[in-house]
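Everything below concerns the one structure shown next.
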Amino acid sequence: MNILCIGDISGRPGRQTVGALLPQIKREEKVDFVIANCENAAGGYGVTRAVLDELIGYGVDYFTSGDHVWKVREFVEEMHDSNLPILRPYNYEGQEQLPGRGWAVVDMGSRRLAIVNLLGQVFMHEPVRSPFWMIDRILEELAEAGIKENDPVIIDIHAEATAEKISLAYYVKDRVSGVFGTHTHVPTADQRIIGRAAYVTDAGMVGPLDASLWAGFDAVINNFKFPFKQGKVMEMGGRRVFNSVLITVENGRATAIKRVDRTLQE
Ligand SMILES: [Fe+2]
Ligand SMILES: [Fe+2]
């Protein structure tokens, strides 16, 4: 099974880039399932049902998210709909009382695929519990939900610190099929197989390449130079980037991981 894991899709430039490139990538790479992080898909902050529908139309099967998923207030209510193919990070304090889910099991004919979404603690400002302790609990819950050793389990660890992400991957390397990082919007070249799992520290992003996260540099550089801040503005021009990793899983064990990265000229 070939699972494409796409980094943070950012705003309209990101959605347009997914629409322009994903159908062809799916054919060329024989992709069976597409997971994409959508925390920035609506104007850079959060996501809406219309945006999810648009991206599903381009071929995304399931969405993970992160700290920004709560930004569109109406969508927080929509997350009560368990039919929406989206996860929010599992490991919030009080997660039992939050809308949405932190893991899901997807039926794919004869196979089942488990997807997990976690937040890091290092240099993040979210009230979350340790992803290390929480993943032990999640894997117990997945076993109770019927996930077997030969079913693929893929984790999106949405976190800032490389050390936290890679340490989490080594912690679960014999218990899951893949761990991909998101949140920094910067792709890393450290993809590898460890134990049973494929790993990359950060998948990267989809959206404006000549940008900071997704924002134009005028405001960002101003904000680094001066104490008076400017609001960030989505970079709509320039080159677009598509960052992802393709993970191949057989009987729950990763056999390959490679980067699938593209750049679109203006
Ligand atoms: Fe992001
Ligand atoms: Fe994030």
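Labeling convention for the structure tokens: chains A, B, ... as they appear, residues from 1 per chain, ligands from 1 in order of appearance.
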
Show which residues sit within 8 Å of Arg88 of chain A, as a CSV table (one decimal) with C-alpha atoms, in the first residue's frame. Count only C-alpha atoms, and ignore same-chain residues fewer than 4 positions away.
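Okay, around37.csv is ready:
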chain,number,residue,atom,x,y,z
A,64,THR,CA,-4.7,15.6,9.9
A,65,SER,CA,-4.2,19.0,11.6
A,66,GLY,CA,-2.5,20.9,14.4
A,69,VAL,CA,-7.3,23.8,13.5
A,100,GLY,CA,-13.3,15.9,17.0
A,101,ARG,CA,-11.0,12.9,17.3
A,102,GLY,CA,-7.3,12.3,17.6
A,117,ASN,CA,-2.5,13.0,15.1
A,118,LEU,CA,-0.3,14.3,18.0

request  = Enumerate residues in contact with ligand 2: an atom-to-atom distance of at most 9 Å, counting only C-alpha atoms and all ligand atoms. Format the result as a PyMOL selection string.
outcome  = chain A and resi 8+39-40+65-69+119+124+158-160+182-185

task = Might you pull out every residue within 6 Å of Pro152 of chain A, with only C-alpha atoms counted and same-chain residues fewer than 5 positions away left off, and present them as a PyMOL selection string?
result = chain A and resi 113+177+252

Take the residues from that selection and put them in a file with C-alpha atoms, as a PDB file, in the first residue's frame.
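Wrote it out as part19.pdb, contents follow:
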ATOM      1  CA  LEU A 113      -5.705   1.870   8.114  1.00  0.00           C
ATOM      2  CA  SER A 177       4.115   1.824  10.150  1.00  0.00           C
ATOM      3  CA  GLY A 252       1.896  -3.211   8.596  1.00  0.00           C
TER       4      GLY A 252
END

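Note that atom CA of Gln24 of chain A and atom CA of Asp261 of chain A are 12.7 Å apart.
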
As a PDB file with all heavy atoms, in the first residue's frame, please: all residues of segment 13-112 of chain A that backbone DSSP puts in alpha helix (DSSP H).
ATOM      1  N   PRO A  13      -3.310  29.522  -2.314  1.00  0.00           N
ATOM      2  CA  PRO A  13      -2.177  29.048  -3.130  1.00  0.00           C
ATOM      3  C   PRO A  13      -1.888  27.558  -2.896  1.00  0.00           C
ATOM      4  O   PRO A  13      -1.570  26.830  -3.840  1.00  0.00           O
ATOM      5  CB  PRO A  13      -1.009  29.921  -2.654  1.00  0.00           C
ATOM      6  CG  PRO A  13      -1.643  31.140  -2.088  1.00  0.00           C
ATOM      7  CD  PRO A  13      -2.950  30.692  -1.495  1.00  0.00           C
ATOM      8  N   GLY A  14      -2.034  27.110  -1.653  1.00  0.00           N
ATOM      9  CA  GLY A  14      -1.803  25.699  -1.364  1.00  0.00           C
ATOM     10  C   GLY A  14      -2.863  24.814  -1.993  1.00  0.00           C
ATOM     11  O   GLY A  14      -2.549  23.771  -2.589  1.00  0.00           O
ATOM     12  N   ARG A  15      -4.121  25.232  -1.876  1.00  0.00           N
ATOM     13  CA  ARG A  15      -5.213  24.412  -2.440  1.00  0.00           C
ATOM     14  C   ARG A  15      -5.087  24.343  -3.956  1.00  0.00           C
ATOM     15  O   ARG A  15      -5.261  23.276  -4.559  1.00  0.00           O
ATOM     16  CB  ARG A  15      -6.571  24.982  -2.026  1.00  0.00           C
ATOM     17  CG  ARG A  15      -6.753  25.082  -0.515  1.00  0.00           C
ATOM     18  CD  ARG A  15      -8.205  25.250  -0.117  1.00  0.00           C
ATOM     19  NE  ARG A  15      -8.887  26.357  -0.733  1.00  0.00           N
ATOM     20  CZ  ARG A  15      -8.908  27.625  -0.272  1.00  0.00           C
ATOM     21  NH1 ARG A  15      -8.253  27.931   0.831  1.00  0.00           N
ATOM     22  NH2 ARG A  15      -9.590  28.567  -0.897  1.00  0.00           N
ATOM     23  N   GLN A  16      -4.766  25.491  -4.591  1.00  0.00           N
ATOM     24  CA  GLN A  16      -4.604  25.484  -6.050  1.00  0.00           C
ATOM     25  C   GLN A  16      -3.470  24.552  -6.467  1.00  0.00           C
ATOM     26  O   GLN A  16      -3.569  23.849  -7.476  1.00  0.00           O
ATOM     27  CB  GLN A  16      -4.296  26.905  -6.549  1.00  0.00           C
ATOM     28  CG  GLN A  16      -5.487  27.845  -6.496  1.00  0.00           C
ATOM     29  CD  GLN A  16      -5.082  29.283  -6.833  1.00  0.00           C
ATOM     30  OE1 GLN A  16      -3.899  29.638  -6.767  1.00  0.00           O
ATOM     31  NE2 GLN A  16      -6.073  30.103  -7.166  1.00  0.00           N
ATOM     32  N   THR A  17      -2.406  24.527  -5.683  1.00  0.00           N
ATOM     33  CA  THR A  17      -1.257  23.683  -6.016  1.00  0.00           C
ATOM     34  C   THR A  17      -1.612  22.209  -5.866  1.00  0.00           C
ATOM     35  O   THR A  17      -1.209  21.376  -6.680  1.00  0.00           O
ATOM     36  CB  THR A  17      -0.061  24.067  -5.131  1.00  0.00           C
ATOM     37  OG1 THR A  17       0.183  25.468  -5.276  1.00  0.00           O
ATOM     38  CG2 THR A  17       1.185  23.286  -5.513  1.00  0.00           C
ATOM     39  N   VAL A  18      -2.379  21.870  -4.821  1.00  0.00           N
ATOM     40  CA  VAL A  18      -2.856  20.489  -4.681  1.00  0.00           C
ATOM     41  C   VAL A  18      -3.692  20.106  -5.897  1.00  0.00           C
ATOM     42  O   VAL A  18      -3.518  19.032  -6.489  1.00  0.00           O
ATOM     43  CB  VAL A  18      -3.673  20.316  -3.382  1.00  0.00           C
ATOM     44  CG1 VAL A  18      -4.328  18.941  -3.329  1.00  0.00           C
ATOM     45  CG2 VAL A  18      -2.769  20.511  -2.160  1.00  0.00           C
ATOM     46  N   GLY A  19      -4.609  21.007  -6.307  1.00  0.00           N
ATOM     47  CA  GLY A  19      -5.447  20.719  -7.455  1.00  0.00           C
ATOM     48  C   GLY A  19      -4.648  20.540  -8.737  1.00  0.00           C
ATOM     49  O   GLY A  19      -4.960  19.686  -9.571  1.00  0.00           O
ATOM     50  N   ALA A  20      -3.573  21.342  -8.878  1.00  0.00           N
ATOM     51  CA  ALA A  20      -2.778  21.292 -10.108  1.00  0.00           C
ATOM     52  C   ALA A  20      -1.896  20.045 -10.170  1.00  0.00           C
ATOM     53  O   ALA A  20      -1.591  19.562 -11.261  1.00  0.00           O
ATOM     54  CB  ALA A  20      -1.915  22.548 -10.207  1.00  0.00           C
ATOM     55  N   LEU A  21      -1.464  19.526  -9.015  1.00  0.00           N
ATOM     56  CA  LEU A  21      -0.428  18.481  -9.028  1.00  0.00           C
ATOM     57  C   LEU A  21      -0.877  17.120  -8.513  1.00  0.00           C
ATOM     58  O   LEU A  21      -0.342  16.089  -8.941  1.00  0.00           O
ATOM     59  CB  LEU A  21       0.775  18.941  -8.189  1.00  0.00           C
ATOM     60  CG  LEU A  21       1.514  20.168  -8.707  1.00  0.00           C
ATOM     61  CD1 LEU A  21       2.643  20.532  -7.745  1.00  0.00           C
ATOM     62  CD2 LEU A  21       2.093  19.906 -10.097  1.00  0.00           C
ATOM     63  N   LEU A  22      -1.810  17.081  -7.563  1.00  0.00           N
ATOM     64  CA  LEU A  22      -2.088  15.805  -6.889  1.00  0.00           C
ATOM     65  C   LEU A  22      -2.627  14.724  -7.829  1.00  0.00           C
ATOM     66  O   LEU A  22      -2.178  13.567  -7.739  1.00  0.00           O
ATOM     67  CB  LEU A  22      -3.030  16.022  -5.696  1.00  0.00           C
ATOM     68  CG  LEU A  22      -3.342  14.759  -4.883  1.00  0.00           C
ATOM     69  CD1 LEU A  22      -2.061  14.120  -4.325  1.00  0.00           C
ATOM     70  CD2 LEU A  22      -4.314  15.074  -3.740  1.00  0.00           C
ATOM     71  N   PRO A  23      -3.573  15.030  -8.733  1.00  0.00           N
ATOM     72  CA  PRO A  23      -4.082  13.940  -9.588  1.00  0.00           C
ATOM     73  C   PRO A  23      -2.964  13.231 -10.360  1.00  0.00           C
ATOM     74  O   PRO A  23      -2.930  11.994 -10.422  1.00  0.00           O
ATOM     75  CB  PRO A  23      -5.060  14.661 -10.516  1.00  0.00           C
ATOM     76  CG  PRO A  23      -5.526  15.843  -9.716  1.00  0.00           C
ATOM     77  CD  PRO A  23      -4.318  16.292  -8.945  1.00  0.00           C
ATOM     78  N   GLN A  24      -2.027  14.003 -10.905  1.00  0.00           N
ATOM     79  CA  GLN A  24      -0.928  13.403 -11.665  1.00  0.00           C
ATOM     80  C   GLN A  24       0.020  12.621 -10.747  1.00  0.00           C
ATOM     81  O   GLN A  24       0.462  11.519 -11.085  1.00  0.00           O
ATOM     82  CB  GLN A  24      -0.167  14.502 -12.399  1.00  0.00           C
ATOM     83  CG  GLN A  24       0.858  13.947 -13.378  1.00  0.00           C
ATOM     84  CD  GLN A  24       1.673  15.046 -14.049  1.00  0.00           C
ATOM     85  OE1 GLN A  24       1.352  16.234 -13.906  1.00  0.00           O
ATOM     86  NE2 GLN A  24       2.717  14.658 -14.750  1.00  0.00           N
ATOM     87  N   ILE A  25       0.326  13.170  -9.571  1.00  0.00           N
ATOM     88  CA  ILE A  25       1.210  12.457  -8.628  1.00  0.00           C
ATOM     89  C   ILE A  25       0.573  11.123  -8.228  1.00  0.00           C
ATOM     90  O   ILE A  25       1.246  10.089  -8.141  1.00  0.00           O
ATOM     91  CB  ILE A  25       1.499  13.345  -7.395  1.00  0.00           C
ATOM     92  CG1 ILE A  25       2.415  14.506  -7.780  1.00  0.00           C
ATOM     93  CG2 ILE A  25       2.118  12.523  -6.262  1.00  0.00           C
ATOM     94  CD1 ILE A  25       2.594  15.551  -6.686  1.00  0.00           C
ATOM     95  N   LYS A  26      -0.728  11.130  -8.008  1.00  0.00           N
ATOM     96  CA  LYS A  26      -1.401   9.874  -7.618  1.00  0.00           C
ATOM     97  C   LYS A  26      -1.266   8.816  -8.709  1.00  0.00           C
ATOM     98  O   LYS A  26      -1.046   7.638  -8.414  1.00  0.00           O
ATOM     99  CB  LYS A  26      -2.880  10.131  -7.309  1.00  0.00           C
ATOM    100  CG  LYS A  26      -3.084  10.846  -5.975  1.00  0.00           C
ATOM    101  CD  LYS A  26      -4.550  11.137  -5.685  1.00  0.00           C
ATOM    102  CE  LYS A  26      -5.324   9.903  -5.271  1.00  0.00           C
ATOM    103  NZ  LYS A  26      -6.677  10.253  -4.753  1.00  0.00           N
ATOM    104  N   ARG A  27      -1.397   9.242  -9.965  1.00  0.00           N
ATOM    105  CA  ARG A  27      -1.232   8.270 -11.066  1.00  0.00           C
ATOM    106  C   ARG A  27       0.218   7.806 -11.164  1.00  0.00           C
ATOM    107  O   ARG A  27       0.490   6.602 -11.213  1.00  0.00           O
ATOM    108  CB  ARG A  27      -1.643   8.919 -12.397  1.00  0.00           C
ATOM    109  CG  ARG A  27      -3.144   9.033 -12.617  1.00  0.00           C
ATOM    110  CD  ARG A  27      -3.470   9.360 -14.071  1.00  0.00           C
ATOM    111  NE  ARG A  27      -2.840  10.597 -14.534  1.00  0.00           N
ATOM    112  CZ  ARG A  27      -3.373  11.816 -14.356  1.00  0.00           C
ATOM    113  NH1 ARG A  27      -4.521  11.960 -13.729  1.00  0.00           N
ATOM    114  NH2 ARG A  27      -2.761  12.897 -14.814  1.00  0.00           N
ATOM    115  N   GLU A  28       1.138   8.750 -11.175  1.00  0.00           N
ATOM    116  CA  GLU A  28       2.556   8.407 -11.382  1.00  0.00           C
ATOM    117  C   GLU A  28       3.103   7.527 -10.268  1.00  0.00           C
ATOM    118  O   GLU A  28       3.904   6.625 -10.508  1.00  0.00           O
ATOM    119  CB  GLU A  28       3.408   9.688 -11.452  1.00  0.00           C
ATOM    120  CG  GLU A  28       3.242  10.457 -12.729  1.00  0.00           C
ATOM    121  CD  GLU A  28       3.984  11.796 -12.699  1.00  0.00           C
ATOM    122  OE1 GLU A  28       4.618  12.132 -11.660  1.00  0.00           O
ATOM    123  OE2 GLU A  28       3.903  12.510 -13.701  1.00  0.00           O
ATOM    124  N   ARG A  49     -15.455  23.516   6.220  1.00  0.00           N
ATOM    125  CA  ARG A  49     -16.007  22.355   5.507  1.00  0.00           C
ATOM    126  C   ARG A  49     -15.867  22.539   3.993  1.00  0.00           C
ATOM    127  O   ARG A  49     -15.554  21.589   3.267  1.00  0.00           O
ATOM    128  CB  ARG A  49     -17.480  22.167   5.887  1.00  0.00           C
ATOM    129  CG  ARG A  49     -18.071  20.862   5.409  1.00  0.00           C
ATOM    130  CD  ARG A  49     -19.507  20.744   5.832  1.00  0.00           C
ATOM    131  NE  ARG A  49     -19.653  20.294   7.204  1.00  0.00           N
ATOM    132  CZ  ARG A  49     -20.030  19.050   7.537  1.00  0.00           C
ATOM    133  NH1 ARG A  49     -20.266  18.154   6.606  1.00  0.00           N
ATOM    134  NH2 ARG A  49     -20.163  18.713   8.798  1.00  0.00           N
ATOM    135  N   ALA A  50     -16.077  23.769   3.502  1.00  0.00           N
ATOM    136  CA  ALA A  50     -15.955  24.016   2.052  1.00  0.00           C
ATOM    137  C   ALA A  50     -14.533  23.737   1.568  1.00  0.00           C
ATOM    138  O   ALA A  50     -14.329  23.168   0.490  1.00  0.00           O
ATOM    139  CB  ALA A  50     -16.359  25.455   1.735  1.00  0.00           C
ATOM    140  N   VAL A  51     -13.561  24.125   2.393  1.00  0.00           N
ATOM    141  CA  VAL A  51     -12.153  23.882   2.022  1.00  0.00           C
ATOM    142  C   VAL A  51     -11.858  22.379   2.021  1.00  0.00           C
ATOM    143  O   VAL A  51     -11.178  21.862   1.115  1.00  0.00           O
ATOM    144  CB  VAL A  51     -11.234  24.650   3.001  1.00  0.00           C
ATOM    145  CG1 VAL A  51      -9.841  24.053   3.039  1.00  0.00           C
ATOM    146  CG2 VAL A  51     -11.179  26.122   2.610  1.00  0.00           C
ATOM    147  N   LEU A  52     -12.370  21.663   3.018  1.00  0.00           N
ATOM    148  CA  LEU A  52     -12.175  20.199   3.028  1.00  0.00           C
ATOM    149  C   LEU A  52     -12.792  19.579   1.779  1.00  0.00           C
ATOM    150  O   LEU A  52     -12.168  18.735   1.124  1.00  0.00           O
ATOM    151  CB  LEU A  52     -12.803  19.579   4.277  1.00  0.00           C
ATOM    152  CG  LEU A  52     -12.155  19.875   5.625  1.00  0.00           C
ATOM    153  CD1 LEU A  52     -12.855  19.091   6.721  1.00  0.00           C
ATOM    154  CD2 LEU A  52     -10.667  19.561   5.622  1.00  0.00           C
ATOM    155  N   ASP A  53     -14.022  20.014   1.435  1.00  0.00           N
ATOM    156  CA  ASP A  53     -14.687  19.460   0.245  1.00  0.00           C
ATOM    157  C   ASP A  53     -13.858  19.729  -1.016  1.00  0.00           C
ATOM    158  O   ASP A  53     -13.733  18.870  -1.886  1.00  0.00           O
ATOM    159  CB  ASP A  53     -16.091  20.059   0.086  1.00  0.00           C
ATOM    160  CG  ASP A  53     -17.069  19.487   1.102  1.00  0.00           C
ATOM    161  OD1 ASP A  53     -16.786  18.407   1.664  1.00  0.00           O
ATOM    162  OD2 ASP A  53     -18.111  20.130   1.346  1.00  0.00           O
ATOM    163  N   GLU A  54     -13.314  20.943  -1.102  1.00  0.00           N
ATOM    164  CA  GLU A  54     -12.482  21.271  -2.272  1.00  0.00           C
ATOM    165  C   GLU A  54     -11.292  20.316  -2.362  1.00  0.00           C
ATOM    166  O   GLU A  54     -11.014  19.750  -3.426  1.00  0.00           O
ATOM    167  CB  GLU A  54     -12.000  22.727  -2.159  1.00  0.00           C
ATOM    168  CG  GLU A  54     -11.099  23.147  -3.315  1.00  0.00           C
ATOM    169  CD  GLU A  54     -10.545  24.563  -3.136  1.00  0.00           C
ATOM    170  OE1 GLU A  54     -10.991  25.301  -2.237  1.00  0.00           O
ATOM    171  OE2 GLU A  54      -9.631  24.922  -3.919  1.00  0.00           O
ATOM    172  N   LEU A  55     -10.614  20.097  -1.237  1.00  0.00           N
ATOM    173  CA  LEU A  55      -9.405  19.258  -1.247  1.00  0.00           C
ATOM    174  C   LEU A  55      -9.743  17.783  -1.467  1.00  0.00           C
ATOM    175  O   LEU A  55      -8.987  17.056  -2.126  1.00  0.00           O
ATOM    176  CB  LEU A  55      -8.627  19.453   0.061  1.00  0.00           C
ATOM    177  CG  LEU A  55      -7.993  20.846   0.200  1.00  0.00           C
ATOM    178  CD1 LEU A  55      -7.500  21.069   1.630  1.00  0.00           C
ATOM    179  CD2 LEU A  55      -6.846  21.025  -0.792  1.00  0.00           C
ATOM    180  N   ILE A  56     -10.894  17.338  -0.945  1.00  0.00           N
ATOM    181  CA  ILE A  56     -11.341  15.963  -1.225  1.00  0.00           C
ATOM    182  C   ILE A  56     -11.571  15.812  -2.729  1.00  0.00           C
ATOM    183  O   ILE A  56     -11.227  14.782  -3.322  1.00  0.00           O
ATOM    184  CB  ILE A  56     -12.621  15.651  -0.413  1.00  0.00           C
ATOM    185  CG1 ILE A  56     -12.282  15.529   1.075  1.00  0.00           C
ATOM    186  CG2 ILE A  56     -13.284  14.362  -0.922  1.00  0.00           C
ATOM    187  CD1 ILE A  56     -13.497  15.522   1.991  1.00  0.00           C
ATOM    188  N   GLY A  57     -12.116  16.859  -3.354  1.00  0.00           N
ATOM    189  CA  GLY A  57     -12.323  16.846  -4.800  1.00  0.00           C
ATOM    190  C   GLY A  57     -11.025  16.693  -5.579  1.00  0.00           C
ATOM    191  O   GLY A  57     -11.015  16.135  -6.681  1.00  0.00           O
ATOM    192  N   TYR A  58      -9.925  17.164  -5.023  1.00  0.00           N
ATOM    193  CA  TYR A  58      -8.617  17.027  -5.683  1.00  0.00           C
ATOM    194  C   TYR A  58      -7.976  15.673  -5.397  1.00  0.00           C
ATOM    195  O   TYR A  58      -6.927  15.361  -5.960  1.00  0.00           O
ATOM    196  CB  TYR A  58      -7.662  18.133  -5.232  1.00  0.00           C
ATOM    197  CG  TYR A  58      -8.121  19.535  -5.522  1.00  0.00           C
ATOM    198  CD1 TYR A  58      -7.837  20.571  -4.634  1.00  0.00           C
ATOM    199  CD2 TYR A  58      -8.830  19.840  -6.682  1.00  0.00           C
ATOM    200  CE1 TYR A  58      -8.241  21.868  -4.887  1.00  0.00           C
ATOM    201  CE2 TYR A  58      -9.247  21.138  -6.939  1.00  0.00           C
ATOM    202  CZ  TYR A  58      -8.949  22.139  -6.040  1.00  0.00           C
ATOM    203  OH  TYR A  58      -9.355  23.436  -6.292  1.00  0.00           O
ATOM    204  N   ARG A  73     -14.032  29.507  14.138  1.00  0.00           N
ATOM    205  CA  ARG A  73     -14.893  29.139  15.253  1.00  0.00           C
ATOM    206  C   ARG A  73     -16.035  28.202  14.831  1.00  0.00           C
ATOM    207  O   ARG A  73     -16.372  27.259  15.533  1.00  0.00           O
ATOM    208  CB  ARG A  73     -15.460  30.410  15.901  1.00  0.00           C
ATOM    209  CG  ARG A  73     -16.108  30.188  17.259  1.00  0.00           C
ATOM    210  CD  ARG A  73     -15.058  29.858  18.334  1.00  0.00           C
ATOM    211  NE  ARG A  73     -15.710  29.469  19.588  1.00  0.00           N
ATOM    212  CZ  ARG A  73     -16.044  28.223  19.892  1.00  0.00           C
ATOM    213  NH1 ARG A  73     -15.810  27.258  19.042  1.00  0.00           N
ATOM    214  NH2 ARG A  73     -16.618  27.935  21.045  1.00  0.00           N
ATOM    215  N   GLU A  74     -16.654  28.507  13.663  1.00  0.00           N
ATOM    216  CA  GLU A  74     -17.779  27.661  13.228  1.00  0.00           C
ATOM    217  C   GLU A  74     -17.317  26.238  12.963  1.00  0.00           C
ATOM    218  O   GLU A  74     -18.081  25.285  13.128  1.00  0.00           O
ATOM    219  CB  GLU A  74     -18.422  28.199  11.932  1.00  0.00           C
ATOM    220  CG  GLU A  74     -18.807  29.666  11.945  1.00  0.00           C
ATOM    221  CD  GLU A  74     -17.624  30.554  11.600  1.00  0.00           C
ATOM    222  OE1 GLU A  74     -17.246  30.611  10.430  1.00  0.00           O
ATOM    223  OE2 GLU A  74     -17.073  31.192  12.531  1.00  0.00           O
ATOM    224  N   PHE A  75     -16.076  26.081  12.531  1.00  0.00           N
ATOM    225  CA  PHE A  75     -15.606  24.737  12.213  1.00  0.00           C
ATOM    226  C   PHE A  75     -15.404  23.909  13.483  1.00  0.00           C
ATOM    227  O   PHE A  75     -15.535  22.681  13.448  1.00  0.00           O
ATOM    228  CB  PHE A  75     -14.306  24.767  11.399  1.00  0.00           C
ATOM    229  CG  PHE A  75     -13.930  23.404  10.912  1.00  0.00           C
ATOM    230  CD1 PHE A  75     -14.631  22.808   9.878  1.00  0.00           C
ATOM    231  CD2 PHE A  75     -12.911  22.687  11.523  1.00  0.00           C
ATOM    232  CE1 PHE A  75     -14.318  21.530   9.453  1.00  0.00           C
ATOM    233  CE2 PHE A  75     -12.600  21.410  11.108  1.00  0.00           C
ATOM    234  CZ  PHE A  75     -13.307  20.825  10.065  1.00  0.00           C
ATOM    235  N   VAL A  76     -15.117  24.558  14.586  1.00  0.00           N
ATOM    236  CA  VAL A  76     -14.964  23.813  15.848  1.00  0.00           C
ATOM    237  C   VAL A  76     -16.255  23.037  16.124  1.00  0.00           C
ATOM    238  O   VAL A  76     -16.217  21.875  16.532  1.00  0.00           O
ATOM    239  CB  VAL A  76     -14.622  24.778  17.003  1.00  0.00           C
ATOM    240  CG1 VAL A  76     -14.640  24.047  18.332  1.00  0.00           C
ATOM    241  CG2 VAL A  76     -13.260  25.420  16.756  1.00  0.00           C
ATOM    242  N   GLU A  77     -17.392  23.666  15.869  1.00  0.00           N
ATOM    243  CA  GLU A  77     -18.673  22.972  16.060  1.00  0.00           C
ATOM    244  C   GLU A  77     -18.836  21.840  15.040  1.00  0.00           C
ATOM    245  O   GLU A  77     -19.339  20.771  15.348  1.00  0.00           O
ATOM    246  CB  GLU A  77     -19.834  23.961  15.934  1.00  0.00           C
ATOM    247  CG  GLU A  77     -19.810  25.058  16.992  1.00  0.00           C
ATOM    248  CD  GLU A  77     -19.685  24.502  18.413  1.00  0.00           C
ATOM    249  OE1 GLU A  77     -20.380  23.521  18.719  1.00  0.00           O
ATOM    250  OE2 GLU A  77     -18.876  25.037  19.191  1.00  0.00           O
ATOM    251  N   GLU A  78     -18.378  22.092  13.806  1.00  0.00           N
ATOM    252  CA  GLU A  78     -18.511  21.075  12.759  1.00  0.00           C
ATOM    253  C   GLU A  78     -17.727  19.806  13.095  1.00  0.00           C
ATOM    254  O   GLU A  78     -18.061  18.719  12.612  1.00  0.00           O
ATOM    255  CB  GLU A  78     -18.006  21.629  11.418  1.00  0.00           C
ATOM    256  CG  GLU A  78     -18.729  22.879  10.995  1.00  0.00           C
ATOM    257  CD  GLU A  78     -19.391  22.707   9.652  1.00  0.00           C
ATOM    258  OE1 GLU A  78     -19.763  21.573   9.316  1.00  0.00           O
ATOM    259  OE2 GLU A  78     -19.514  23.731   8.959  1.00  0.00           O
TER     260      GLU A  78
END

key: Selection: 12 Å around Ala145 of chain A, only C-alpha atoms, excl. self and same-chain fewer than 2 positions, as a PyMOL selection string   = chain A and resi 103-107+112-114+138-143+147-148+151

Please save N, CA and C atoms of the selected residues as a PDB file, in the first residue's frame.
ATOM      1  N   TRP A 103      -7.612  10.093  16.649  1.00  0.00           N
ATOM      2  CA  TRP A 103      -7.232   8.974  15.781  1.00  0.00           C
ATOM      3  C   TRP A 103      -8.464   8.447  15.063  1.00  0.00           C
ATOM      4  N   ALA A 104      -8.240   7.756  13.969  1.00  0.00           N
ATOM      5  CA  ALA A 104      -9.349   7.189  13.213  1.00  0.00           C
ATOM      6  C   ALA A 104      -8.896   5.891  12.567  1.00  0.00           C
ATOM      7  N   VAL A 105      -9.851   5.011  12.370  1.00  0.00           N
ATOM      8  CA  VAL A 105      -9.611   3.771  11.629  1.00  0.00           C
ATOM      9  C   VAL A 105     -10.434   3.853  10.345  1.00  0.00           C
ATOM     10  N   VAL A 106      -9.750   3.705   9.213  1.00  0.00           N
ATOM     11  CA  VAL A 106     -10.397   3.803   7.907  1.00  0.00           C
ATOM     12  C   VAL A 106     -10.481   2.410   7.303  1.00  0.00           C
ATOM     13  N   ASP A 107     -11.674   2.029   6.896  1.00  0.00           N
ATOM     14  CA  ASP A 107     -11.849   0.745   6.217  1.00  0.00           C
ATOM     15  C   ASP A 107     -11.521   0.909   4.750  1.00  0.00           C
ATOM     16  N   ARG A 112      -7.568  -2.337   6.926  1.00  0.00           N
ATOM     17  CA  ARG A 112      -7.912  -1.191   7.759  1.00  0.00           C
ATOM     18  C   ARG A 112      -6.650  -0.372   7.964  1.00  0.00           C
ATOM     19  N   LEU A 113      -6.827   0.943   7.938  1.00  0.00           N
ATOM     20  CA  LEU A 113      -5.705   1.870   8.114  1.00  0.00           C
ATOM     21  C   LEU A 113      -6.018   2.744   9.321  1.00  0.00           C
ATOM     22  N   ALA A 114      -5.039   2.858  10.230  1.00  0.00           N
ATOM     23  CA  ALA A 114      -5.215   3.744  11.385  1.00  0.00           C
ATOM     24  C   ALA A 114      -4.364   4.994  11.190  1.00  0.00           C
ATOM     25  N   ILE A 138      -3.016   5.543  23.024  1.00  0.00           N
ATOM     26  CA  ILE A 138      -3.669   5.482  21.706  1.00  0.00           C
ATOM     27  C   ILE A 138      -3.493   4.097  21.089  1.00  0.00           C
ATOM     28  N   LEU A 139      -2.305   3.525  21.194  1.00  0.00           N
ATOM     29  CA  LEU A 139      -2.077   2.210  20.582  1.00  0.00           C
ATOM     30  C   LEU A 139      -2.918   1.140  21.288  1.00  0.00           C
ATOM     31  N   GLU A 140      -3.140   1.306  22.581  1.00  0.00           N
ATOM     32  CA  GLU A 140      -4.082   0.408  23.282  1.00  0.00           C
ATOM     33  C   GLU A 140      -5.494   0.585  22.738  1.00  0.00           C
ATOM     34  N   GLU A 141      -5.898   1.845  22.535  1.00  0.00           N
ATOM     35  CA  GLU A 141      -7.245   2.099  22.008  1.00  0.00           C
ATOM     36  C   GLU A 141      -7.401   1.536  20.601  1.00  0.00           C
ATOM     37  N   LEU A 142      -6.343   1.646  19.790  1.00  0.00           N
ATOM     38  CA  LEU A 142      -6.415   1.098  18.426  1.00  0.00           C
ATOM     39  C   LEU A 142      -6.531  -0.427  18.464  1.00  0.00           C
ATOM     40  N   ALA A 143      -5.825  -1.053  19.385  1.00  0.00           N
ATOM     41  CA  ALA A 143      -5.934  -2.514  19.509  1.00  0.00           C
ATOM     42  C   ALA A 143      -7.358  -2.895  19.908  1.00  0.00           C
ATOM     43  N   ILE A 147      -7.470  -2.955  15.479  1.00  0.00           N
ATOM     44  CA  ILE A 147      -6.264  -2.827  14.644  1.00  0.00           C
ATOM     45  C   ILE A 147      -5.259  -3.915  15.040  1.00  0.00           C
ATOM     46  N   LYS A 148      -4.805  -4.656  14.030  1.00  0.00           N
ATOM     47  CA  LYS A 148      -3.879  -5.767  14.238  1.00  0.00           C
ATOM     48  C   LYS A 148      -2.473  -5.352  13.818  1.00  0.00           C
ATOM     49  N   ASP A 151      -1.939  -4.290  10.223  1.00  0.00           N
ATOM     50  CA  ASP A 151      -2.662  -3.129   9.705  1.00  0.00           C
ATOM     51  C   ASP A 151      -1.748  -1.899   9.783  1.00  0.00           C
TER      52      ASP A 151
END
